[in-house]
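Here is protein.cif, consisting of mmCIF, C-alpha atoms:
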data_final
loop_
_atom_site.label_atom_id
_atom_site.label_comp_id
_atom_site.auth_asym_id
_atom_site.auth_seq_id
_atom_site.Cartn_x
_atom_site.Cartn_y
_atom_site.Cartn_z
CA MET P 104 -10.54 96.15 209.35
CA THR P 105 -8.28 95.73 206.37
CA ARG P 106 -9.82 95.52 202.95
CA PRO P 107 -8.91 91.91 202.22
CA ALA P 108 -10.44 90.76 205.51
CA GLN P 109 -13.53 92.82 204.86
CA ASP P 110 -13.89 91.32 201.41
CA THR P 111 -13.58 87.84 202.88
CA ASN P 112 -16.29 88.56 205.42
CA GLU P 113 -18.55 89.94 202.73
CA ALA P 114 -18.00 86.85 200.61
CA ASP P 115 -18.74 84.60 203.56
CA ARG P 116 -21.92 86.46 204.34
CA PHE P 117 -22.99 86.25 200.75
CA ALA P 118 -22.24 82.54 200.58
CA GLU P 119 -24.23 81.92 203.74
CA TRP P 120 -27.10 83.93 202.35
CA VAL P 121 -27.08 81.86 199.20
CA ARG P 122 -26.92 78.60 201.14
CA GLN P 123 -29.90 79.53 203.26
CA HIS P 124 -32.12 80.82 200.52
CA GLY P 125 -30.66 79.67 197.21
CA ARG P 126 -32.84 76.61 196.98
CA ALA P 127 -36.03 78.54 197.63
CA VAL P 128 -35.15 81.25 195.14
CA ARG P 129 -34.19 78.80 192.44
CA GLY P 130 -37.23 76.66 193.17
CA TYR P 131 -39.52 79.61 192.68
CA LEU P 132 -37.81 80.66 189.47
CA LEU P 133 -37.74 77.14 188.09
CA ALA P 134 -41.44 76.66 188.80
CA MET P 135 -42.23 79.93 187.05
CA VAL P 136 -39.95 79.80 184.00
CA ARG P 137 -39.59 75.99 183.64
CA ARG P 138 -36.05 76.26 182.26
CA PRO P 139 -33.18 75.33 184.55
CA GLU P 140 -30.52 77.39 182.81
CA LEU P 141 -32.74 80.44 182.77
CA ALA P 142 -33.67 79.88 186.39
CA ASP P 143 -29.97 79.80 187.28
CA ASP P 144 -29.31 83.01 185.38
CA LEU P 145 -32.22 84.75 187.02
CA ALA P 146 -31.16 83.47 190.43
CA GLN P 147 -27.72 85.00 189.92
CA GLU P 148 -29.42 88.26 189.04
CA VAL P 149 -31.62 88.01 192.11
CA PHE P 150 -28.65 87.61 194.43
CA CYS P 151 -26.72 90.36 192.69
CA ARG P 152 -29.54 92.83 193.09
CA ALA P 153 -30.36 91.75 196.58
CA TRP P 154 -26.72 92.00 197.67
CA GLN P 155 -26.34 95.45 196.25
CA ALA P 156 -29.40 96.61 198.18
CA ARG P 157 -28.96 94.38 201.21
CA HIS P 158 -29.17 97.18 203.73
CA ARG P 159 -32.76 97.88 202.78
CA TYR P 160 -34.28 94.48 203.39
CA CYS P 161 -33.77 94.52 207.12
CA GLU P 162 -36.59 96.97 207.48
CA ARG P 163 -39.00 94.97 205.40
CA GLY P 164 -38.97 91.51 206.82
CA THR P 165 -37.26 88.20 206.28
CA ALA P 166 -34.45 87.76 203.82
CA ARG P 167 -36.19 84.92 202.01
CA ALA P 168 -39.32 86.96 201.41
CA TYR P 169 -37.16 89.79 200.14
CA LEU P 170 -35.29 87.52 197.75
CA VAL P 171 -38.37 85.77 196.43
CA ARG P 172 -40.05 89.11 195.79
CA ILE P 173 -37.06 90.19 193.74
CA ALA P 174 -37.29 86.90 191.88
CA ASP P 175 -40.96 87.53 191.20
CA ARG P 176 -40.22 90.96 189.76
CA LEU P 177 -37.52 89.51 187.54
CA VAL P 178 -39.85 86.84 186.26
CA CYS P 179 -42.51 89.40 185.48
CA SER P 180 -40.07 91.65 183.67
CA HIS P 181 -38.66 88.70 181.79
CA GLY P 182 -42.15 87.90 180.68
CA ARG P 183 -44.28 84.82 180.44
CA ARG P 184 -43.31 84.24 176.81
CA THR P 185 -40.51 81.79 177.51
CA ARG P 186 -42.63 79.81 179.90
CA ARG P 187 -45.46 79.42 177.41
CA GLU P 188 -43.03 78.39 174.75
CA THR P 189 -41.72 75.66 176.96
CA THR P 190 -44.95 74.10 178.15
CA LEU P 191 -43.76 70.58 177.73
CA SER P 192 -45.28 67.21 177.86
CA GLU P 193 -43.78 64.66 180.17
CA GLU P 194 -41.77 62.98 177.42
CA THR P 195 -40.50 66.26 176.07
CA TRP P 196 -39.52 67.34 179.55
CA LYS P 197 -37.34 64.26 179.81
CA GLY P 198 -35.59 65.37 176.66
CA VAL P 199 -34.96 68.82 178.09
CA GLU P 200 -33.70 67.39 181.34
CA PRO P 201 -31.67 64.41 180.20
CA VAL P 202 -30.71 61.79 182.70
CA SER P 203 -27.35 62.65 184.09
CA LYS P 204 -24.83 59.88 184.03
CA ALA P 205 -23.14 61.24 187.11
CA GLU P 206 -26.31 61.09 189.23
CA ASP P 207 -28.55 58.21 190.19
CA PRO P 208 -30.48 57.51 186.97
CA LEU P 209 -33.59 56.41 188.80
CA LYS P 210 -33.71 59.59 190.84
CA ALA P 211 -33.15 61.64 187.74
CA VAL P 212 -36.00 59.92 185.95
CA MET P 213 -38.32 60.42 188.88
CA GLN P 214 -37.29 64.01 189.12
CA ALA P 215 -37.98 64.57 185.44
CA GLU P 216 -41.34 62.87 185.74
CA ALA P 217 -42.31 64.98 188.72
CA ALA P 218 -41.24 68.08 186.85
CA GLY P 219 -43.51 67.15 184.00
CA GLN P 220 -46.46 66.60 186.32
CA LEU P 221 -45.77 69.88 188.02
CA ALA P 222 -45.69 71.74 184.74
CA ALA P 223 -48.96 70.15 183.69
CA ALA P 224 -50.61 71.02 187.02
CA LEU P 225 -49.41 74.60 187.06
CA ASP P 226 -50.59 75.10 183.52
CA ARG P 227 -54.12 74.45 184.73
CA LEU P 228 -53.85 77.48 187.00
CA SER P 229 -53.93 81.11 185.99
CA ASP P 230 -50.73 83.13 186.11
CA VAL P 231 -51.88 84.99 189.19
CA GLN P 232 -52.85 81.81 190.99
CA GLN P 233 -49.41 80.38 190.29
CA ARG P 234 -47.69 83.46 191.60
CA VAL P 235 -49.78 83.53 194.77
CA LEU P 236 -49.18 79.87 195.59
CA LEU P 237 -45.48 79.89 194.73
CA LEU P 238 -44.83 83.12 196.62
CA ARG P 239 -46.51 81.56 199.61
CA TYR P 240 -44.61 78.30 199.29
CA TYR P 241 -41.11 79.51 198.51
CA GLY P 242 -41.10 82.99 199.99
CA GLN P 243 -43.31 82.24 203.01
CA LEU P 244 -44.88 85.61 202.44
CA SER P 245 -47.98 86.64 204.33
CA PHE P 246 -51.07 87.19 202.25
CA SER P 247 -50.79 90.92 202.78
CA GLU P 248 -47.25 90.82 201.39
CA ILE P 249 -48.38 88.69 198.48
CA ALA P 250 -51.18 91.13 197.72
CA GLU P 251 -48.67 93.97 197.71
CA THR P 252 -46.25 92.03 195.53
CA ILE P 253 -48.76 91.15 192.83
CA ASP P 254 -50.49 94.50 193.16
CA CYS P 255 -53.88 93.03 193.96
CA PRO P 256 -56.41 93.69 196.73
CA LEU P 257 -56.15 91.32 199.66
CA ASN P 258 -59.56 89.72 199.18
CA THR P 259 -58.76 89.07 195.51
CA THR P 260 -55.46 87.52 196.50
CA LEU P 261 -57.19 85.25 198.99
CA SER P 262 -59.68 84.19 196.33
CA HIS P 263 -56.89 83.35 193.92
CA CYS P 264 -55.22 81.24 196.55
CA ARG P 265 -58.35 79.35 197.44
CA ARG P 266 -59.31 78.62 193.82
CA GLY P 267 -55.77 77.55 193.03
CA LEU P 268 -55.66 75.13 195.94
CA GLU P 269 -59.07 73.71 195.10
CA ARG P 270 -58.04 73.08 191.53
CA LEU P 271 -54.78 71.51 192.56
CA ARG P 272 -56.59 69.22 194.96
CA ARG P 273 -58.84 68.06 192.14
CA LEU P 274 -55.90 67.55 189.81
CA LEU P 275 -53.37 65.99 192.13
CA VAL P 276 -55.50 64.25 194.73
CA GLU P 277 -58.92 63.34 193.33
CA GLU P 278 -57.84 62.44 189.81
CA VAL P 279 -54.98 60.30 191.07
CA ARG P 280 -57.33 58.16 193.17
CA MET W 1137 -67.64 91.23 204.18
CA ASN W 1138 -64.68 91.82 206.44
CA ASP W 1139 -65.65 88.86 208.57
CA GLU W 1140 -65.79 86.61 205.54
CA MET W 1141 -62.45 87.81 204.36
CA ASN W 1142 -60.92 87.38 207.79
CA GLU W 1143 -62.36 83.89 208.01
CA LEU W 1144 -61.03 82.98 204.58
CA ARG W 1145 -57.64 84.42 205.47
CA ARG W 1146 -57.55 82.36 208.66
CA ARG W 1147 -58.38 79.17 206.76
CA LEU W 1148 -55.81 79.79 204.08
CA GLU W 1149 -53.11 80.60 206.62
CA ALA W 1150 -53.91 77.34 208.37
CA ALA W 1151 -54.08 75.37 205.12
CA THR W 1152 -50.76 76.70 203.83
CA ALA W 1153 -48.84 76.58 207.08
CA ARG W 1154 -45.36 75.09 206.90
CA ASP W 1155 -46.05 72.99 209.91
CA GLU W 1156 -47.48 69.75 208.57
CA THR W 1157 -49.27 68.67 211.69
CA SER W 1158 -53.05 68.57 211.56
CA GLU W 1159 -53.49 70.79 214.57
CA ASN W 1160 -54.06 73.82 212.38
CA VAL W 1161 -56.85 72.12 210.41
CA SER W 1162 -60.16 72.76 212.12
CA ASP W 1163 -62.80 72.25 209.45
CA ALA W 1164 -63.55 70.34 206.26
CA GLU W 1165 -62.86 73.21 203.90
CA THR W 1166 -59.53 73.97 205.47
CA SER W 1167 -58.64 70.29 205.35
CA SER W 1168 -59.56 70.18 201.67
CA LEU W 1169 -57.44 73.21 200.91
CA ARG W 1170 -54.55 71.75 202.82
CA GLN W 1171 -54.67 68.57 200.75
CA GLY W 1172 -54.13 70.66 197.64
CA TRP W 1173 -51.32 72.55 199.35
CA LEU W 1174 -49.48 69.44 200.49
CA ALA W 1175 -49.84 67.84 197.06
CA LEU W 1176 -48.32 70.93 195.49
CA GLY W 1177 -45.46 70.89 197.99
CA ARG W 1178 -44.65 67.25 197.35
CA LEU W 1179 -44.61 67.84 193.62
CA LEU W 1180 -42.42 70.93 193.93
CA ASP W 1181 -39.92 69.08 196.10
CA ALA W 1182 -39.87 66.08 193.78
CA ALA W 1183 -39.39 68.20 190.67
CA GLU W 1184 -36.48 70.18 192.04
CA ALA W 1185 -33.06 69.28 190.74
CA PRO W 1186 -30.70 68.78 193.67
CA LEU W 1187 -28.18 71.53 194.33
CA SER W 1188 -24.78 70.36 195.50
CA ASP W 1189 -23.81 73.66 197.06
CA PRO W 1190 -25.76 76.71 196.07
CA ALA W 1191 -22.86 78.96 197.11
CA ASP W 1192 -20.78 77.48 194.29
CA ARG W 1193 -23.35 78.30 191.69
CA TRP W 1194 -23.98 81.96 192.36
CA THR W 1195 -21.14 84.35 193.05
CA LEU W 1196 -20.71 87.65 194.76
CA PRO W 1197 -21.12 90.47 192.29
CA VAL W 1198 -17.83 92.18 191.46
CA ALA W 1199 -17.69 95.95 191.80
CA ARG W 1200 -17.91 97.41 188.37
CA ARG W 1201 -15.29 99.80 187.10
CA PRO W 1202 -16.60 103.25 186.42
CA HIS W 1203 -17.77 103.45 182.89
CA VAL W 1204 -15.82 105.88 180.71
CA GLY W 1205 -18.28 107.12 178.19
CA ARG W 1206 -17.55 107.91 174.64
CA LEU W 1207 -18.27 111.58 175.28
CA THR W 1208 -15.68 111.66 178.01
CA VAL W 1209 -13.07 110.21 175.66
CA VAL W 1210 -13.93 112.74 172.97
CA MET W 1211 -13.64 115.59 175.45
CA LEU W 1212 -10.27 114.34 176.64
CA VAL W 1213 -8.99 114.15 173.07
CA ALA W 1214 -10.32 117.63 172.34
CA ALA W 1215 -8.66 118.98 175.46
CA SER W 1216 -5.36 117.40 174.42
CA LEU W 1217 -5.61 118.99 171.00
CA LEU W 1218 -6.32 122.37 172.52
CA VAL W 1219 -3.29 122.06 174.76
CA ALA W 1220 -1.16 121.08 171.77
CA LEU W 1221 -2.44 124.02 169.75
CA ALA W 1222 -1.86 126.37 172.65
CA GLY W 1223 1.68 125.10 172.92
CA ALA W 1224 2.21 125.58 169.21
CA TRP W 1225 0.83 129.11 169.49
CA LEU W 1226 3.32 129.93 172.20
CA LEU W 1227 6.17 128.47 170.19
CA ARG W 1228 5.38 130.42 167.05
CA ASP W 1229 7.43 133.34 168.30
CA THR W 1230 10.53 131.21 168.42
CA ARG W 1231 10.26 129.90 164.94
CA PRO W 1232 13.10 130.34 162.44
CA ALA W 1233 12.73 132.03 159.04
CA PRO W 1234 9.93 130.37 157.10
CA GLY W 1235 11.05 127.56 154.87
CA LEU W 1236 14.51 127.36 156.26
CA ALA W 1237 15.77 125.01 158.86
CA PRO W 1238 18.48 126.68 160.84
CA SER W 1239 21.84 125.12 160.33
CA PRO W 1240 24.25 124.53 163.12
CA ASP W 1241 26.43 127.36 161.82
CA GLN W 1242 23.53 129.76 161.92
CA ILE W 1243 22.73 128.74 165.41
CA ALA W 1244 26.32 129.06 166.40
CA SER W 1245 26.63 132.45 164.73
CA GLN W 1246 23.72 133.88 166.62
CA GLU W 1247 24.38 136.11 169.51
CA LYS W 1248 25.90 134.09 172.25
CA PRO W 1249 23.88 134.00 175.40
CA LYS W 1250 24.84 136.54 178.00
CA PRO W 1251 26.27 135.37 181.24
CA VAL W 1252 23.90 134.97 184.10
CA GLU W 1253 23.23 138.25 185.86
CA ALA W 1254 23.81 138.88 189.54
CA PRO W 1255 20.99 137.67 191.75
CA ASP W 1256 19.68 141.15 192.42
CA ARG W 1257 19.10 141.71 188.68
CA PRO W 1258 17.06 138.81 187.35
CA ALA W 1259 17.96 138.08 183.75
CA VAL W 1260 15.08 137.07 181.50
CA PRO W 1261 16.32 135.70 178.20
CA PRO W 1262 14.25 136.84 175.23
CA PRO W 1263 11.82 134.23 173.91
CA ARG W 1264 13.59 134.18 170.56
CA ARG W 1265 16.66 132.65 172.16
CA ALA W 1266 14.79 130.44 174.55
CA ALA W 1267 16.01 127.32 172.75
CA LEU W 1268 19.66 128.39 172.81
CA ALA W 1269 22.00 127.22 175.49
CA THR W 1270 22.79 129.44 178.43
CA ALA W 1271 26.28 130.73 179.25
CA GLN W 1272 26.78 127.84 181.54
CA LEU W 1273 26.53 125.28 178.71
CA GLN W 1274 29.63 124.07 176.95
CA TRP W 1275 29.36 123.95 173.19
CA ASP W 1276 30.21 120.72 171.43
CA ASP W 1277 29.08 118.60 168.54
CA SER W 1278 26.52 116.67 170.51
CA LEU W 1279 24.94 119.87 171.62
CA ASP W 1280 24.82 121.08 168.06
CA GLU W 1281 23.01 117.97 167.03
CA GLN W 1282 20.54 118.41 169.82
CA LEU W 1283 19.93 121.95 168.78
CA VAL W 1284 19.36 120.89 165.20
CA SER W 1285 16.89 118.27 166.30
CA ALA W 1286 15.06 120.77 168.49
CA ALA W 1287 14.94 123.31 165.73
CA GLN W 1288 13.61 120.82 163.25
CA ALA W 1289 10.96 119.76 165.73
CA MET W 1290 9.94 123.35 166.19
CA MET W 1291 9.80 123.74 162.44
CA SER W 1292 7.47 120.77 162.24
CA VAL W 1293 5.23 122.19 164.93
CA GLN W 1294 5.23 125.54 163.15
CA GLN W 1295 4.22 123.93 159.89
CA SER W 1296 1.37 122.10 161.53
CA TRP W 1297 0.39 125.31 163.27
CA ASP W 1298 0.41 127.21 160.03
CA SER W 1299 -1.84 124.66 158.42
CA SER W 1300 -4.39 125.03 161.16
CA ALA W 1301 -3.89 128.68 161.89
CA GLY W 1302 -5.65 129.65 158.71
CA GLY W 1303 -8.96 129.01 160.35
CA PHE W 1304 -8.09 131.18 163.30
CA ASP W 1305 -6.95 133.95 160.98
CA TYR W 1306 -10.23 133.79 159.18
CA VAL W 1307 -12.14 134.05 162.44
CA ARG W 1308 -9.96 136.88 163.55
CA TYR W 1309 -10.52 138.68 160.26
CA GLY W 1310 -14.26 138.24 160.64
CA LEU W 1311 -14.18 139.65 164.14
CA GLU W 1312 -12.18 142.61 163.03
CA GLN W 1313 -14.63 143.27 160.23
CA ALA W 1314 -17.51 143.11 162.66
CA GLU W 1315 -15.77 145.53 164.99
CA ASP W 1316 -15.20 147.94 162.15
CA ASP W 1317 -18.81 147.75 161.11
CA LEU W 1318 -19.89 148.42 164.67
CA GLN W 1319 -17.75 151.47 164.87
CA ASP W 1320 -19.03 152.68 161.54
CA GLY W 1321 -22.57 152.17 162.67
CA LYS W 1322 -23.36 149.65 159.99
CA LEU W 1323 -24.55 147.07 162.50
#

Let's see the structure in the file written out as structure tokens.
Amino acid sequence: MTRPAQDTNEADRFAEWVRQHGRAVRGYLLAMVRRPELADDLAQEVFCRAWQARHRYCERGTARAYLVRIADRLVCSHGRRTRRETTLSEETWKGVEPVSKAEDPLKAVMQAEAAGQLAAALDRLSDVQQRVLLLRYYGQLSFSEIAETIDCPLNTTLSHCRRGLERLRRLLVEEVR
Amino acid sequence: MNDEMNELRRRLEAATARDETSENVSDAETSSLRQGWLALGRLLDAAEAPLSDPADRWTLPVARRPHVGRLTVVMLVAASLLVALAGAWLLRDTRPAPGLAPSPDQIASQEKPKPVEAPDRPAVPPPRRAALATAQLQWDDSLDEQLVSAAQAMMSVQQSWDSSAGGFDYVRYGLEQAEDDLQDGKL
């Protein structure tokens, strides 16, 4: 195989990988760091690192779980400082995410509103509870994998998940009624 | 304890399953947990900014060029200087009289190069005349000019060598002193 053809195949594989899992990776990062531009930067870093070590993931499980775990490590190393600094109210969140003129304004407003509600709900959870729930949602990791990722015993991980879900149900379901 | 943990794990796996049908929900607690899970999922989906094409946003990492460290550059420069000094050291035997640049007449008045010997007797021209033309060259003005230029270049190299050779002479003197002291039993 000639080098140009090989490079094209590699690029195609990478693009397909990003298409399949880009949304999940970015979703996880955005929920954790709350800043779209930072989430994009971290997502680029996730795919760079994952691509460079792509031969290793096949032994460990699904690609999405692999990518989301890398994203989790990046978020941890980046630190929670930026997220705490950007704990925004709903109105402030609208200022950070201005309505795009190119998109449907109504959708953009609804999206910004949902983002504000999400931020408020996640702030009521502990850091560990957030990680457990988001790793489960975006990475589709098993609880054993989550426990390994966050370096916690399995029973503690399960407790975090249960408490997080109970609190979210009270916040998002009971209080809305 | 294990049974409780296994039971909790089973409930949470059912409550957080991607499949949104209610078949996995078998009890009130699991149903309650699943309500929280679905509410979180709806909020996450609603809060996500749409991506037109994720492949356009993140690109394949380009292979990085090997990094040439500062130390490597310094070593290369030092090696070049050593080669230049070594070349100057070799050329010092061919230098003209100190302070004088050889004139074309002087060059021309020097012993003319001998004709090339027969193949069975290899002729090795002395280093002093290495810069002079061989018997096969035809003398003319352009060649004189070239010889003058070469001689002046050698003079310049010699001067730069002399300026830096002082250090080597000092080291050599020190070594000779040490050798003498060793022989005399002073060390």

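For the atom pair formed by atom CA of P:Arg265 and atom CA of W:Leu1148, the distance is 7.1 Å, given to one decimal.
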
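Proximity ranking of W:Ser1292, W:Gly1177, W:Ala1224, W:Met1211 relative to chain P places W:Gly1177 first, based on all atoms listed in the file.
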
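Here atom CA of P:Ala166 is placed at a distance of 11.2 Å from atom CA of P:Ala127.
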
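Around stretch 241-252 of chain P, within 7 Å and counting all atoms listed in the file, the residues found are Ala127, Tyr131, Arg167, Ala168, Val171, Arg172, Val235, Leu237, Leu238, Cys255, Pro256, Leu257 and Thr260 of chain P, once anything fewer than 3 positions away on its own chain is removed.
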
- chain W contacts on chain P, all atoms listed in the file, 7 Å, as a PyMOL selection string: chain P and resi 114+117-118+121-122+125+130+147+151+214-215+217-218+221+258+261+268-269+271-272+275

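Taking atom CA of W:Leu1221 and atom CA of W:Met1291 as endpoints, the distance between them is 14.3 Å.
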
- For the structure provided, state which residues fall under the PyMOL selection byres ((chain P and resi 146) around 9), and present them as a PyMOL selection string. (chain P and resi 125+128-129+132+141-145+147-151+174) or (chain W and resi 1194)

- Selected residue of minimal separation from P:Gly182 among P:Met135, P:Arg273, P:Trp120, P:Arg239, counting only C-alpha atoms: P:Met135

- Please evaluate the PyMOL selection byres ((chain P and resi 227) around 12) against the structure above and give the resulting residues as a PyMOL selection string. chain P and resi 190+220-226+228-233+266-275

Please define a box with edges along x, y and z of the file around all atoms of stretch 1221-1230 of chain W given in the file, extend it by 4 Å on each side, and return its centre and edge lengths in Å to one decimal, as JSON.
{"center_x": 4.0, "center_y": 128.7, "center_z": 170.0, "size_x": 21.0, "size_y": 17.3, "size_z": 13.9}
